[in-house]
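**Student:** Take a look at this one; I'll ask things after.
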Amino acid sequence: MPFNYPKLKHPQNCSKCAACMNACPLHAITKIDPFEVDTSKCAKRKECFTCAMACKTGALVIELGNS
Ligand code: SF4
Ligand code: SF4
């Protein structure tokens with residue numbers, strides 16, 4: 001089932017601030033350098049943009065993908 005999950009689309013903009021990781025209510029972002037998402041956790045929260053909104057540099061985007 002496809003769902004929206006975060007991708008580090010612009011890694012050159014990432015300041016490694018960990019705001020995305022700290023913002024995720026499910027602790028689905030497990031690493032920021034390199035960036036890793038536990039998609040099975042993230043999938044439990046559909047239409048969530050919390051991490052992307054926490055990212056002030058625009059490095060992180062929510063993309064449609066597969067679980
Ligand atoms: S989209 Fe929501 S659940 Fe998924 S990693 Fe971001 S904050 Fe966590
Ligand atoms: S919030 Fe944005 S800049 Fe900060 S670690 Fe996450 S992706 Fe990188």
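Following the order of the structure tokens, first chain is A, next is B, and so on, with residues numbered from 1 inside each chain and ligands from 1 in the order they appear.
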Around ligand 2, at most 7 Å away and counting only C-alpha atoms and all ligand atoms, which residues are there? Put them as a ChimeraX atom specification, please.
**Tutor:** /A:8,13-21,32,51,54-60
**Student:** Residues contacting ligand 1 - anything with an atom at most 7 Å away, using only C-alpha atoms and all ligand atoms - can you give me those as a tab-separated table (two decimals) with N, CA and C atoms, in the first residue's frame?
**Tutor:**
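Okay, pocket32.tsv is ready:
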chain	number	residue	atom	x	y	z
A	4	ASN	N	2.77	8.17	2.16
A	4	ASN	CA	3.71	9.28	2.09
A	4	ASN	C	4.71	9.20	3.23
A	5	TYR	N	5.96	9.27	2.88
A	5	TYR	CA	6.99	9.22	3.93
A	5	TYR	C	8.12	10.19	3.59
A	6	PRO	N	8.91	10.58	4.58
A	6	PRO	CA	9.93	11.60	4.33
A	6	PRO	C	11.16	11.07	3.61
A	20	CYS	N	13.89	17.10	12.75
A	20	CYS	CA	12.93	16.15	12.16
A	20	CYS	C	12.80	14.92	13.06
A	23	ALA	N	10.93	15.67	16.17
A	23	ALA	CA	9.53	16.04	15.96
A	23	ALA	C	8.63	14.83	15.72
A	24	CYS	N	9.20	13.74	15.24
A	24	CYS	CA	8.36	12.59	14.87
A	24	CYS	C	7.75	11.93	16.11
A	25	PRO	N	6.42	11.90	16.17
A	25	PRO	CA	5.76	11.33	17.35
A	25	PRO	C	5.95	9.81	17.46
A	26	LEU	N	6.32	9.18	16.36
A	26	LEU	CA	6.48	7.72	16.37
A	26	LEU	C	7.95	7.28	16.41
A	27	HIS	N	8.85	8.25	16.49
A	27	HIS	CA	10.30	7.96	16.47
A	27	HIS	C	10.67	7.11	15.25
A	28	ALA	N	10.06	7.48	14.12
A	28	ALA	CA	10.28	6.71	12.90
A	28	ALA	C	11.57	7.09	12.18
A	29	ILE	N	12.08	8.30	12.47
A	29	ILE	CA	13.36	8.70	11.89
A	29	ILE	C	14.45	8.19	12.84
A	37	VAL	N	14.69	6.23	7.70
A	37	VAL	CA	13.32	6.22	8.21
A	37	VAL	C	12.87	4.78	8.35
A	41	LYS	N	7.07	2.04	10.76
A	41	LYS	CA	6.53	2.92	11.82
A	41	LYS	C	5.82	4.12	11.20
A	42	CYS	N	6.48	4.74	10.24
A	42	CYS	CA	5.93	5.94	9.60
A	42	CYS	C	4.58	5.64	8.96
A	43	ALA	N	4.43	4.47	8.41
A	43	ALA	CA	3.19	4.10	7.71
A	43	ALA	C	1.98	4.10	8.61
A	45	ARG	N	1.13	6.39	10.51
A	45	ARG	CA	0.63	7.74	10.66
A	45	ARG	C	0.44	8.36	9.27
A	48	CYS	N	0.95	12.46	7.39
A	48	CYS	CA	1.67	13.19	8.43
A	48	CYS	C	2.79	14.01	7.78
A	49	PHE	N	2.88	15.27	8.15
A	49	PHE	CA	3.92	16.13	7.59
A	49	PHE	C	4.77	16.75	8.71
A	50	THR	N	4.67	16.17	9.89
A	50	THR	CA	5.30	16.76	11.07
A	50	THR	C	6.81	16.95	10.90
A	51	CYS	N	7.49	15.94	10.40
A	51	CYS	CA	8.94	16.03	10.27
A	51	CYS	C	9.34	17.06	9.21
A	52	ALA	N	8.60	17.06	8.10
A	52	ALA	CA	8.93	18.00	7.02
A	52	ALA	C	8.69	19.44	7.48
A	62	ILE	N	8.18	15.22	1.84
A	62	ILE	CA	7.32	14.04	1.94
A	62	ILE	C	7.00	13.58	0.53
**Student:** Go through chain A and collect every residue that DSSP, computed from the backbone, puts in strand (DSSP E); the answer should be as a list in words.
**Tutor:**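 The strand (DSSP E) residues within chain A come out as Pro2, Phe3, Asn4, Tyr5, Pro6, Lys7, Leu8, Ile29, Thr30, Lys31, Ile32, Phe35, Glu36, Val37, Leu60, Val61, Ile62, Glu63, Leu64, Gly65 and Asn66 of chain A.
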**Student:** Go ahead and save the residues from that selection, with N, CA and C atoms, as a short mmCIF file (atom, residue, chain, number, x, y, z; two decimals), in the first residue's frame.
**Tutor:**
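File written: again-v6.cif
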data_model
loop_
_atom_site.label_atom_id
_atom_site.label_comp_id
_atom_site.auth_asym_id
_atom_site.auth_seq_id
_atom_site.Cartn_x
_atom_site.Cartn_y
_atom_site.Cartn_z
N PRO A 2 0.77 2.11 -0.99
CA PRO A 2 1.59 3.32 -1.02
C PRO A 2 1.24 4.27 0.12
N PHE A 3 2.20 4.98 0.60
CA PHE A 3 1.94 5.99 1.63
C PHE A 3 3.02 7.07 1.51
N ASN A 4 2.77 8.17 2.16
CA ASN A 4 3.71 9.28 2.09
C ASN A 4 4.71 9.20 3.23
N TYR A 5 5.96 9.27 2.88
CA TYR A 5 6.99 9.22 3.93
C TYR A 5 8.12 10.19 3.59
N PRO A 6 8.91 10.58 4.58
CA PRO A 6 9.93 11.60 4.33
C PRO A 6 11.16 11.07 3.61
N LYS A 7 11.68 11.90 2.74
CA LYS A 7 12.94 11.59 2.07
C LYS A 7 13.86 12.80 2.18
N LEU A 8 15.14 12.52 2.36
CA LEU A 8 16.12 13.60 2.39
C LEU A 8 16.44 13.96 0.95
N ILE A 29 12.08 8.30 12.47
CA ILE A 29 13.36 8.70 11.89
C ILE A 29 14.45 8.19 12.84
N THR A 30 15.19 7.21 12.37
CA THR A 30 16.12 6.51 13.26
C THR A 30 17.54 7.07 13.19
N LYS A 31 17.88 7.70 12.04
CA LYS A 31 19.22 8.29 11.89
C LYS A 31 19.11 9.51 10.99
N ILE A 32 19.98 10.48 11.21
CA ILE A 32 19.99 11.64 10.31
C ILE A 32 21.26 11.71 9.46
N PHE A 35 20.58 9.66 6.63
CA PHE A 35 19.17 9.75 6.98
C PHE A 35 18.48 8.40 6.79
N GLU A 36 17.78 7.96 7.82
CA GLU A 36 17.05 6.70 7.73
C GLU A 36 15.68 6.81 8.38
N VAL A 37 14.69 6.23 7.70
CA VAL A 37 13.32 6.22 8.21
C VAL A 37 12.87 4.78 8.35
N LEU A 60 14.17 18.16 3.76
CA LEU A 60 13.31 16.99 3.89
C LEU A 60 11.98 17.23 3.17
N VAL A 61 11.57 16.28 2.38
CA VAL A 61 10.27 16.40 1.71
C VAL A 61 9.50 15.10 1.93
N ILE A 62 8.18 15.22 1.84
CA ILE A 62 7.32 14.04 1.94
C ILE A 62 7.00 13.58 0.53
N GLU A 63 7.27 12.32 0.26
CA GLU A 63 7.06 11.79 -1.09
C GLU A 63 6.21 10.54 -1.03
N LEU A 64 5.48 10.34 -2.09
CA LEU A 64 4.71 9.11 -2.22
C LEU A 64 5.66 7.96 -2.53
N GLY A 65 5.54 6.90 -1.76
CA GLY A 65 6.41 5.77 -2.00
C GLY A 65 5.72 4.48 -1.63
N ASN A 66 6.48 3.42 -1.54
CA ASN A 66 5.92 2.14 -1.17
C ASN A 66 6.50 1.68 0.15
#
**Student:** Could you give me, as a ChimeraX atom specification, each residue of chain A that DSSP assigns to alpha helix (DSSP H) when run on this structure's backbone?
**Tutor:** /A:19-23,39-42,50-54
